[in-house]
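Peer 1: I'd like to ask you about the structure that follows.
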Amino acid sequence: MMLTKLKKFIMNQQKVSSLHINHMYSCRTTVILKGLISQVFLRRNYSSLPENDVKSLRSIINPSISKIRNIGIMAHIDAGKTTTTERILYYSGYIRSLGDVDDGDTVTDFMAQERERGITIQSAAVTFDWKGYRVNLIDTPGHVDFTLEVERCLRVLDGAVAVFDASAGVEAQTLTVWRQADKHHVPRICFLNKMDKTGASFNYAVDSIREKLKTKPLLLQLPIGEAKSFKGLVDVVTMEKVMWNTHTSNHDDGKHFVREPLTELKDPELLKEAKEARNALIEQIADLDDEFADLVLGEFIENFDLLPPEKLHPAIRKVTVAQRAVPVLCGSALKNKGIQPLLDAVTMYLPSPDERSNEFLQWYKDDLCALAFKVLHDKQRGPLVFMRIYSGTMKPQSAVHNINGNCTERISRLLLPFADQHIEIPSLTAGNIALTVGLKQTSTGDTIVSSKSSALAAARRARRNEGKMHKHNMEPGSLLLAGVEIPEPVFFCTIEPPSVAKQPELDRALNCLQREDPSLKVRLDPDSGQTILCGMGELHIEIINDRIKREYGVETFLGPLQIAYRETILNSAHATDTLDRTLGEKRHLVTVDVEVRPCAREKSEVIPVIEYAENIREELLQEFQEAIENGIRNAYLQGPLLGFPIQDVAVTLCSLTLHPGTSTTMVSACVSRCVQKALKKADKQVLEPFMNLEVTVTGDYLSSVLADLAQRRGSIQEIQSRQDNRVVVGSVPLAEMMGYSTVLRTLSSGTATFALELSNYQAMNLQDQNALLNRRSGLA
């Protein structure tokens, strides 16, 4: 019997290309042996997954696009994302034992910093199969400092599972990730986790989803018991009771469970509750989908109970993919309950890649088009670039063209991502997520195509369709995939190596980390010559410093954390400047006249508003516009008060006089100097970052927390009730929140939690501004 299985296994492998077989047998022998042992010799029994459906990753390299699901797990910090991911991997058969966040042995939290802190810092991609479907799953961070990680993953996903703590419902970071998913039009499923936790309430969590997220929850499951009494769930669609076997010899790993129909005899109360929930579900879907409404009113108007699940599943899928509603499921990942039905729901209700519309793909036809959404650095293999393939086929040893960087590179190897382990493959088709080795210039957000001619051909097809055949319009840049918006950093500090000899190593480490994490900015202080590290928060900068020490072996020293203020002006100002230089035998003479004025914008940005007076000649602008705008942008980077970036200021170029032969560099330098002169003449104002704050605290410590926030110049907007806790919602200056986590722990005896998110920049009052100026100049 064992030999037959072994023969069958080897026969399956022969379907894979010879290149792949050579690699498997030479480099990945251990991985194969593990697969053989787990699937052949141990004969593991999957009650939730038939034995015939347990396949090796290598046996199906490219599944049908309709059988692919690209999903992300997203939530507030500590809602149970990583634990849920670990259970998903265990039940799908790709890990042999359950990892635990507290023990630091989960698959997706593989960085040392993640295992020590018990939090997710980097998103990790995992590929596995479930009942004939290929699932590419990404576990994302929940901490606000790593919001960009979530953003760039959602950009390439087709669906998401939003995990909620059933005792807390919708929390601060839940709202943030939900808004990000709305922005990228990602269909979602809600999973109410921690149903076994003290204070867990299914109805409270569902109400908070309905009220705070402004969406329509579809209750596909009901819990059997809550908190300590939670023991299973009711499948509302099939009217079955799902119970997990807690008395098996397998230490309650949750793999074995039973489904049995609800009956009047055994469960009269549950049956009544489930019938009401199912009728409400059918009515909800009928309101959202006219086709389903016609079916119900035509055939099942007399009795909704007669509507079979086979008719209900497609209707739920239709409204979910259209984002008119979100299915709600429940369970407890830590207690191994509810994960298999969640996986079934992912394959049943979330869309496949071909159900998501990307209009520009029609111009590429079958040519390769992919988006680089994440870069990692590996000591042995160099940069590893995560790609979402939208069309065509990607193969190793092939050249690809980067539209953003306008360069051609070669992919040396193609891998399937399995957290920090990777499996080499011979090719990958549209809809999949791949990991590429060999791309040295590619960064996050770059669009990758098969060749420059392919991009130009796609641009021509698009122009032909629009009826515009002008040659200067046939640029491939218009067919770029949308990247991600990089938020501006709010914290910065100096970073120094232990000696000058180590500076090149530090620079190399920072360059690698910036490619991995676009929200990390590094600049050189023009006055002191020090390297400045800019990040999204205290934890972000702490993690970066820790990684430089561990991964790159450079013992760095961080200066004190400082706030990234901004500057603006309160009134208009005018300035004229002349630059006259003779370099060699050539004279460069330029006279510039500019006006600066405050301008209010909906979204505060450090991108200048540039205007030109009518008397500026068109031919002059054509030649020097880029130089002029570079000069204005450079002046914008350093304000006249403290040297912070300028925002909400419009610059008008009133006149420009040039000597023939003046270089663009001189024009740029003169414009920059003139703008700075004008800014110094105006009345100046410092702007400070304000944060949205949410503190969850028990009633006993509420007054202490409120008193402390009042001292921090905080304004309280509302105090909500969440079960037995109070949630304080308000805004507070970021400068007042340094080290707040320690203070809050002391005030609440370690029971309170808080979440911060950047709201906007607001003007400082005169007293605080003068105090800041004195501190910065060393007078205080």
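Just remember, in the structure tokens the first chain shown is A, the second B, etc., residues are 1-based per chain, and ligands are 1-based in the order shown.
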Residues of region 416-468 of chain A classed as strand (DSSP E) by DSSP on the backbone are to be reported as an MDAnalysis selection string.

Peer 2: chainID A and resid 416:418 421:424 428:429 433:437 447:449

Peer 1: Identify which of the residues A:Ser398, A:Thr742, A:Ser443, A:Ser229 lies closest to Asp517 (chain A), counting only C-alpha atoms when measuring atom-to-atom distances.

Peer 2: A:Ser443

Peer 1: For a test of reading the model, state the distance in Å between CA of Arg324 (chain A) and CA of Ile433 (chain A), rounded to one decimal.

Peer 2: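 Pair CA of Arg324 (chain A) / CA of Ile433 (chain A) returns 26.9 Å.
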
Peer 1: Quick one: everything within 12 Å of Val596 (chain A), counting only C-alpha atoms, minus sequence neighbours fewer than 4 positions away in the same chain. Send it as a ChimeraX atom specification.

Peer 2: /A:568-576,608-612,632,635-636,646-654,674-684

Peer 1: Within 8 Å of Leu329 (chain A), counting only C-alpha atoms, which residues qualify if same-chain residues fewer than 6 places away don't, as a list in words?

Peer 2: Ile189, Cys190, Phe191, Leu192, Leu219, Leu220, Gln221, Leu222 and Leu342 of chain A

Peer 1: Which residues are close to region 251-262 of chain A, i.e. within 6 Å by only C-alpha atoms, leaving aside same-chain residues fewer than 5 positions away? Reply as a ChimeraX atom specification.

Peer 2: /A:47,240-246,271,336
